[in-house]
>>> print(open('upload-v8.pdb').read())   # PDB, C-alpha atoms, pLDDT in the B column
ATOM      1  CA  MET A   1      37.011-112.591 -80.351  1.00 43.00           C
ATOM      2  CA  GLN A   2      33.312-112.931 -79.586  1.00 51.00           C
ATOM      3  CA  ALA A   3      31.232-115.578 -81.383  1.00 52.00           C
ATOM      4  CA  ASN A   4      28.138-114.485 -83.281  1.00 58.00           C
ATOM      5  CA  LYS A   5      24.960-114.861 -81.273  1.00 59.00           C
ATOM      6  CA  ALA A   6      21.514-115.620 -82.649  1.00 56.00           C
ATOM      7  CA  VAL A   7      19.147-112.731 -81.937  1.00 55.00           C
ATOM      8  CA  ALA A   8      15.355-112.731 -81.510  1.00 54.00           C
ATOM      9  CA  ASP A   9      13.784-110.098 -83.723  1.00 66.00           C
ATOM     10  CA  ASP A  10      10.505-108.167 -83.973  1.00 70.00           C
ATOM     11  CA  MET A  11       8.677-109.299 -80.877  1.00 77.00           C
ATOM     12  CA  CYS A  12       5.976-107.373 -79.081  1.00 78.00           C
ATOM     13  CA  LEU A  13       4.879-108.022 -75.520  1.00 83.00           C
ATOM     14  CA  LEU A  14       1.618-106.560 -74.220  1.00 82.00           C
ATOM     15  CA  ALA A  15       0.413-106.342 -70.646  1.00 84.00           C
ATOM     16  CA  GLN A  16      -2.149-104.370 -68.688  1.00 85.00           C
ATOM     17  CA  ARG A  17      -0.231-104.316 -65.411  1.00 86.00           C
ATOM     18  CA  PHE A  18       3.397-103.519 -64.602  1.00 86.00           C
ATOM     19  CA  CYS A  19       3.877-106.805 -62.721  1.00 87.00           C
ATOM     20  CA  ASP A  20       2.553-108.756 -65.721  1.00 90.00           C
ATOM     21  CA  MET A  21       5.076-107.089 -68.006  1.00 88.00           C
ATOM     22  CA  GLU A  22       7.910-107.805 -65.584  1.00 87.00           C
ATOM     23  CA  GLU A  23       6.897-111.459 -65.542  1.00 90.00           C
ATOM     24  CA  LYS A  24       6.672-111.610 -69.352  1.00 90.00           C
ATOM     25  CA  LEU A  25      10.100-110.037 -69.747  1.00 87.00           C
ATOM     26  CA  GLU A  26      11.637-112.559 -67.342  1.00 88.00           C
ATOM     27  CA  ARG A  27       9.931-115.515 -69.062  1.00 90.00           C
ATOM     28  CA  LEU A  28      11.037-114.234 -72.467  1.00 87.00           C
ATOM     29  CA  LYS A  29      14.629-114.006 -71.249  1.00 86.00           C
ATOM     30  CA  GLU A  30      14.502-117.544 -69.861  1.00 89.00           C
ATOM     31  CA  GLU A  31      12.880-119.065 -72.956  1.00 88.00           C
ATOM     32  CA  THR A  32      15.216-117.375 -75.411  1.00 87.00           C
ATOM     33  CA  GLU A  33      18.260-118.541 -73.456  1.00 86.00           C
ATOM     34  CA  LEU A  34      16.950-122.131 -73.540  1.00 90.00           C
ATOM     35  CA  VAL A  35      17.086-122.125 -77.341  1.00 88.00           C
ATOM     36  CA  GLY A  36      20.345-120.195 -77.606  1.00 86.00           C
ATOM     37  CA  LEU A  37      18.911-116.786 -78.509  1.00 85.00           C
ATOM     38  CA  HIS A  38      20.087-113.465 -77.118  1.00 81.00           C
ATOM     39  CA  ILE A  39      17.949-110.364 -76.429  1.00 83.00           C
ATOM     40  CA  ASP A  40      19.812-107.235 -77.483  1.00 82.00           C
ATOM     41  CA  ILE A  41      18.962-104.802 -74.692  1.00 81.00           C
ATOM     42  CA  ASN A  42      20.042-101.865 -76.882  1.00 81.00           C
ATOM     43  CA  LYS A  43      17.291-102.735 -79.370  1.00 81.00           C
ATOM     44  CA  THR A  44      14.677-103.444 -76.706  1.00 82.00           C
ATOM     45  CA  LYS A  45      12.222-100.559 -76.300  1.00 81.00           C
ATOM     46  CA  GLY A  46       9.238 -99.895 -74.087  1.00 84.00           C
ATOM     47  CA  MET A  47       6.063 -97.856 -74.404  1.00 83.00           C
ATOM     48  CA  ARG A  48       3.305 -97.049 -71.952  1.00 81.00           C
ATOM     49  CA  VAL A  49      -0.242 -96.234 -72.896  1.00 76.00           C
ATOM     50  CA  ASN A  50      -2.677 -94.666 -70.434  1.00 72.00           C
ATOM     51  CA  THR A  51      -0.843 -95.582 -67.245  1.00 74.00           C
ATOM     52  CA  SER A  52       0.135 -93.766 -64.102  1.00 76.00           C
ATOM     53  CA  ASN A  53       2.756 -96.346 -63.048  1.00 79.00           C
ATOM     54  CA  MET A  54       6.096 -94.985 -64.204  1.00 82.00           C
ATOM     55  CA  GLN A  55       8.383 -97.638 -62.694  1.00 84.00           C
ATOM     56  CA  THR A  56      11.208 -98.520 -65.053  1.00 85.00           C
ATOM     57  CA  PHE A  57      11.274-101.845 -66.829  1.00 85.00           C
ATOM     58  CA  ARG A  58      14.509-103.769 -66.477  1.00 83.00           C
ATOM     59  CA  LEU A  59      15.983-106.677 -68.381  1.00 81.00           C
ATOM     60  CA  GLN A  60      19.335-108.247 -67.497  1.00 76.00           C
ATOM     61  CA  GLU A  61      19.715-105.581 -64.767  1.00 82.00           C
ATOM     62  CA  THR A  62      19.565-102.879 -67.446  1.00 84.00           C
ATOM     63  CA  GLU A  63      16.860-100.245 -67.721  1.00 87.00           C
ATOM     64  CA  ILE A  64      14.750-100.549 -70.891  1.00 85.00           C
ATOM     65  CA  GLU A  65      14.612 -97.324 -72.873  1.00 85.00           C
ATOM     66  CA  GLU A  66      11.105 -95.955 -73.407  1.00 85.00           C
ATOM     67  CA  PHE A  67       9.762 -94.228 -76.498  1.00 81.00           C
ATOM     68  CA  GLY A  68       6.600 -92.351 -77.421  1.00 80.00           C
ATOM     69  CA  SER A  69       6.547 -93.978 -80.845  1.00 77.00           C
ATOM     70  CA  PHE A  70       8.304 -96.623 -82.908  1.00 74.00           C
ATOM     71  CA  VAL A  71       7.931 -98.559 -86.134  1.00 74.00           C
ATOM     72  CA  TYR A  72       6.828-102.167 -85.763  1.00 70.00           C
ATOM     73  CA  LEU A  73       6.475-104.375 -88.847  1.00 68.00           C
ATOM     74  CA  GLY A  74       6.224-101.306 -91.072  1.00 71.00           C
ATOM     75  CA  SER A  75       3.587 -99.456 -89.041  1.00 73.00           C
ATOM     76  CA  VAL A  76       3.994 -96.497 -86.729  1.00 75.00           C
ATOM     77  CA  VAL A  77       2.905 -97.246 -83.157  1.00 75.00           C
ATOM     78  CA  THR A  78       2.414 -94.382 -80.696  1.00 75.00           C
ATOM     79  CA  GLU A  79       1.057 -93.889 -77.200  1.00 75.00           C
ATOM     80  CA  SER A  80      -2.128 -92.465 -78.706  1.00 70.00           C
ATOM     81  CA  GLY A  81      -2.590 -95.377 -81.102  1.00 66.00           C
ATOM     82  CA  GLY A  82      -0.534 -94.023 -83.995  1.00 69.00           C
ATOM     83  CA  THR A  83      -3.185 -93.676 -86.684  1.00 81.00           C
ATOM     84  CA  GLU A  84      -2.304 -90.099 -87.652  1.00 85.00           C
ATOM     85  CA  GLU A  85       1.421 -90.850 -87.776  1.00 85.00           C
ATOM     86  CA  ASP A  86       0.888 -94.144 -89.623  1.00 86.00           C
ATOM     87  CA  VAL A  87      -1.348 -92.500 -92.241  1.00 91.00           C
ATOM     88  CA  THR A  88       1.271 -89.785 -92.789  1.00 91.00           C
ATOM     89  CA  SER A  89       3.928 -92.475 -93.189  1.00 90.00           C
ATOM     90  CA  ARG A  90       1.746 -94.543 -95.565  1.00 92.00           C
ATOM     91  CA  ILE A  91       1.019 -91.476 -97.757  1.00 96.00           C
ATOM     92  CA  LYS A  92       4.752 -90.731 -97.988  1.00 96.00           C
ATOM     93  CA  LYS A  93       5.550 -94.344 -98.886  1.00 95.00           C
ATOM     94  CA  ALA A  94       2.746 -94.544-101.462  1.00 96.00           C
ATOM     95  CA  ASN A  95       3.891 -91.248-102.980  1.00 97.00           C
ATOM     96  CA  GLY A  96       7.410 -92.693-103.260  1.00 97.00           C
ATOM     97  CA  VAL A  97       6.053 -95.699-105.170  1.00 97.00           C
ATOM     98  CA  PHE A  98       3.941 -93.383-107.344  1.00 97.00           C
ATOM     99  CA  VAL A  99       7.007 -91.301-108.252  1.00 97.00           C
ATOM    100  CA  GLN A 100       9.103 -94.418-108.950  1.00 97.00           C
ATOM    101  CA  LEU A 101       6.486 -95.508-111.464  1.00 96.00           C
ATOM    102  CA  ASN A 102       6.830 -92.301-113.535  1.00 95.00           C
ATOM    103  CA  PRO A 103       8.300 -94.235-116.501  1.00 95.00           C
ATOM    104  CA  VAL A 104       5.149 -96.375-116.531  1.00 95.00           C
ATOM    105  CA  TRP A 105       2.847 -93.352-116.255  1.00 94.00           C
ATOM    106  CA  ARG A 106       4.640 -91.629-119.163  1.00 92.00           C
ATOM    107  CA  ASN A 107       4.689 -94.689-121.413  1.00 94.00           C
ATOM    108  CA  ILE A 108       2.188 -94.126-124.229  1.00 92.00           C
ATOM    109  CA  ASN A 109       2.195 -97.840-125.127  1.00 95.00           C
ATOM    110  CA  ILE A 110       0.543 -98.778-121.829  1.00 93.00           C
ATOM    111  CA  SER A 111      -3.232 -98.356-121.793  1.00 93.00           C
ATOM    112  CA  LYS A 112      -4.999 -96.286-119.138  1.00 91.00           C
ATOM    113  CA  GLU A 113      -6.714 -99.445-117.865  1.00 92.00           C
ATOM    114  CA  VAL A 114      -3.374-101.177-117.278  1.00 94.00           C
ATOM    115  CA  LYS A 115      -1.984 -98.049-115.621  1.00 94.00           C
ATOM    116  CA  ILE A 116      -4.970 -98.021-113.243  1.00 94.00           C
ATOM    117  CA  ARG A 117      -4.366-101.701-112.403  1.00 95.00           C
ATOM    118  CA  ILE A 118      -0.692-100.929-111.730  1.00 96.00           C
ATOM    119  CA  PHE A 119      -1.775 -97.970-109.596  1.00 96.00           C
ATOM    120  CA  ASN A 120      -4.169-100.148-107.579  1.00 95.00           C
ATOM    121  CA  THR A 121      -1.735-103.011-107.045  1.00 96.00           C
ATOM    122  CA  ASN A 122       1.318-100.902-106.263  1.00 96.00           C
ATOM    123  CA  VAL A 123       0.428 -97.442-104.991  1.00 96.00           C
ATOM    124  CA  LYS A 124      -2.911 -98.131-103.337  1.00 95.00           C
ATOM    125  CA  SER A 125      -1.753-101.348-101.686  1.00 94.00           C
ATOM    126  CA  VAL A 126       1.162 -99.469-100.063  1.00 95.00           C
ATOM    127  CA  LEU A 127      -1.183 -96.674 -99.001  1.00 95.00           C
ATOM    128  CA  LEU A 128      -3.739 -98.972 -97.366  1.00 93.00           C
ATOM    129  CA  TYR A 129      -1.320-101.439 -95.753  1.00 90.00           C
ATOM    130  CA  VAL A 130      -2.737-102.363 -92.295  1.00 84.00           C
ATOM    131  CA  CYS A 131      -5.545 -99.809 -92.622  1.00 85.00           C
ATOM    132  CA  GLU A 132      -7.683-102.401 -90.816  1.00 84.00           C
ATOM    133  CA  THR A 133      -5.986-101.337 -87.581  1.00 81.00           C
ATOM    134  CA  TRP A 134      -6.549 -97.600 -88.015  1.00 82.00           C
ATOM    135  CA  LYS A 135      -9.052 -95.588 -86.045  1.00 83.00           C
ATOM    136  CA  THR A 136     -10.553 -93.854 -89.060  1.00 84.00           C
ATOM    137  CA  THR A 137     -11.856 -90.324 -88.746  1.00 89.00           C
ATOM    138  CA  ASN A 138     -13.319 -87.975 -91.324  1.00 93.00           C
ATOM    139  CA  GLN A 139     -10.015 -86.092 -91.403  1.00 94.00           C
ATOM    140  CA  ILE A 140      -7.995 -89.255 -92.091  1.00 92.00           C
ATOM    141  CA  THR A 141     -10.427 -90.432 -94.757  1.00 94.00           C
ATOM    142  CA  ARG A 142     -10.255 -87.002 -96.384  1.00 95.00           C
ATOM    143  CA  ARG A 143      -6.421 -86.998 -96.414  1.00 95.00           C
ATOM    144  CA  LEU A 144      -6.338 -90.441 -98.044  1.00 95.00           C
ATOM    145  CA  GLN A 145      -8.965 -89.493-100.633  1.00 95.00           C
ATOM    146  CA  ILE A 146      -7.165 -86.249-101.502  1.00 95.00           C
ATOM    147  CA  PHE A 147      -3.923 -88.156-102.071  1.00 96.00           C
ATOM    148  CA  LEU A 148      -5.623 -90.748-104.296  1.00 95.00           C
ATOM    149  CA  ASN A 149      -7.548 -88.115-106.253  1.00 94.00           C
ATOM    150  CA  LYS A 150      -4.360 -86.128-106.846  1.00 94.00           C
ATOM    151  CA  CYS A 151      -2.546 -89.205-108.146  1.00 94.00           C
ATOM    152  CA  LEU A 152      -5.439 -90.327-110.347  1.00 93.00           C
ATOM    153  CA  ARG A 153      -5.953 -86.848-111.823  1.00 92.00           C
ATOM    154  CA  GLN A 154      -2.249 -86.691-112.609  1.00 91.00           C
ATOM    155  CA  ARG A 155      -2.267 -90.137-114.255  1.00 87.00           C
ATOM    156  CA  MET A 156      -5.402 -89.407-116.256  1.00 86.00           C
ATOM    157  CA  ASN A 157      -4.030 -85.998-117.313  1.00 85.00           C
ATOM    158  CA  ILE A 158      -7.031 -84.222-115.803  1.00 86.00           C
ATOM    159  CA  LYS A 159      -6.332 -80.590-115.029  1.00 83.00           C
ATOM    160  CA  TRP A 160      -8.174 -78.603-112.377  1.00 79.00           C
ATOM    161  CA  THR A 161      -9.696 -76.469-115.158  1.00 85.00           C
ATOM    162  CA  ASP A 162     -11.398 -79.564-116.634  1.00 87.00           C
ATOM    163  CA  ASN A 163     -14.135 -79.385-113.959  1.00 87.00           C
ATOM    164  CA  ILE A 164     -14.221 -83.135-113.345  1.00 89.00           C
ATOM    165  CA  THR A 165     -15.818 -83.951-109.986  1.00 91.00           C
ATOM    166  CA  ASN A 166     -14.275 -86.484-107.647  1.00 90.00           C
ATOM    167  CA  GLU A 167     -17.272 -88.764-108.242  1.00 92.00           C
ATOM    168  CA  GLU A 168     -16.716 -88.573-111.998  1.00 93.00           C
ATOM    169  CA  LEU A 169     -13.003 -89.236-111.496  1.00 92.00           C
ATOM    170  CA  ARG A 170     -13.838 -92.371-109.472  1.00 92.00           C
ATOM    171  CA  ARG A 171     -16.317 -93.483-112.135  1.00 93.00           C
ATOM    172  CA  ILE A 172     -13.878 -93.183-115.048  1.00 91.00           C
ATOM    173  CA  THR A 173     -11.055 -94.844-113.075  1.00 92.00           C
ATOM    174  CA  HIS A 174     -13.330 -97.578-111.658  1.00 92.00           C
ATOM    175  CA  GLN A 175     -12.547 -96.633-108.056  1.00 92.00           C
ATOM    176  CA  LYS A 176     -14.650 -96.808-104.922  1.00 91.00           C
ATOM    177  CA  SER A 177     -14.392 -94.092-102.309  1.00 91.00           C
ATOM    178  CA  ILE A 178     -11.500 -94.588 -99.919  1.00 91.00           C
ATOM    179  CA  GLU A 179     -13.966 -94.683 -97.032  1.00 91.00           C
ATOM    180  CA  ASN A 180     -15.712 -97.714 -98.573  1.00 90.00           C
ATOM    181  CA  GLN A 181     -12.392 -99.427 -99.336  1.00 90.00           C
ATOM    182  CA  VAL A 182     -11.155 -99.065 -95.750  1.00 89.00           C
ATOM    183  CA  LYS A 183     -14.516-100.234 -94.349  1.00 88.00           C
ATOM    184  CA  ARG A 184     -14.476-103.277 -96.623  1.00 89.00           C
ATOM    185  CA  ARG A 185     -10.952-104.212 -95.485  1.00 86.00           C
ATOM    186  CA  LYS A 186     -12.007-103.862 -91.849  1.00 84.00           C
ATOM    187  CA  TRP A 187     -15.064-106.066 -92.395  1.00 87.00           C
ATOM    188  CA  ASN A 188     -12.958-108.790 -94.032  1.00 78.00           C
TER     189      ASN A 188
END
>>> encode(input="upload-v8.pdb", output="structure tokens")
Amino acid sequence: MQANKAVADDMCLLAQRFCDMEEKLERLKEETELVGLHIDINKTKGMRVNTSNMQTFRLQETEIEEFGSFVYLGSVVTESGGTEEDVTSRIKKANGVFVQLNPVWRNINISKEVKIRIFNTNVKSVLLYVCETWKTTNQITRRLQIFLNKCLRQRMNIKWTDNITNEELRRITHQKSIENQVKRRKWN
């Protein structure tokens, strides 16, 4: 019977050269062993970004599996930076929260102002999680704004035939444009 081993979790090593990464992997192995931790080679993954060196990384004489993308601390990381994939993931997660809050949205005893606060603190916070790290483009900003507008129109019971502009929607829901919100988070 094997005793339980303590395992290091959620670590990220970065290096610009292959030899630097080899050295970091070896030092990590040595340091974790000193404190009684074990690196699970099956959970250890590698990724290369903009490199021509395709030598395999090894740890404990075992080749480290390489991926084109993975999730790290809730964000999608890819060889290209991952913004597109992370935004898609964030929209899906925010939509899930939005749907879970349907009982709140339907409750006639909760004012529109409180519903907007709940929307901002629950749905929008999930949507914009780590947006400070995104490379924002017009297309990404547009996708985020479309999602928010759709949710807000639904919550405010505004139909497409009501001819309410997006600017008017933001005014009555006390929202800033998503572009300004992302910029503000990046500046902070």
>>> closest_residue(input="upload-v8.pdb", among="A:Asn166, A:Gln154, A:Gln139, A:Asn42", to="A:Thr88", atoms="all atoms listed in the file")
A:Gln139
>>> residues_around(input="upload-v8.pdb", residues="A:Lys124", least_positions_apart="3", cutoff="12 Å", atoms="only C-alpha atoms", output="number ranges by chain")
A: 90-98, 116-121, 127-131, 144-145, 147-149, 151-152, 175-176, 178, 181-182
>>> resolve_selection(input="upload-v8.pdb", expression="the PyMOL selection byres ((chain A and resi 77) around 12)", output="number ranges by chain")
A: 12, 46-49, 67-76, 78-87, 89, 130, 133-134
>>> closest_residue(input="upload-v8.pdb", among="A:Phe57, A:Lys186, A:Glu167, A:Val99", to="A:Asp20", atoms="all atoms listed in the file")
A:Phe57
>>> axis_aligned_box(input="upload-v8.pdb", around="stretch 153-172 of chain A", padding_each_side="8 Å", output="lines of an AutoDock Vina configuration file")
center_x = -9.8
center_y = -85.0
center_z = -112.5
size_x = 31.0
size_y = 33.0
size_z = 25.7
>>> atom_distance(input="upload-v8.pdb", atom1="atom CA of A:Ile110", atom2="atom CA of A:Asn157")
14.3 Å
>>> atom_distance(input="upload-v8.pdb", atom1="atom CA of A:Arg184", atom2="atom CA of A:Lys150")
22.4 Å
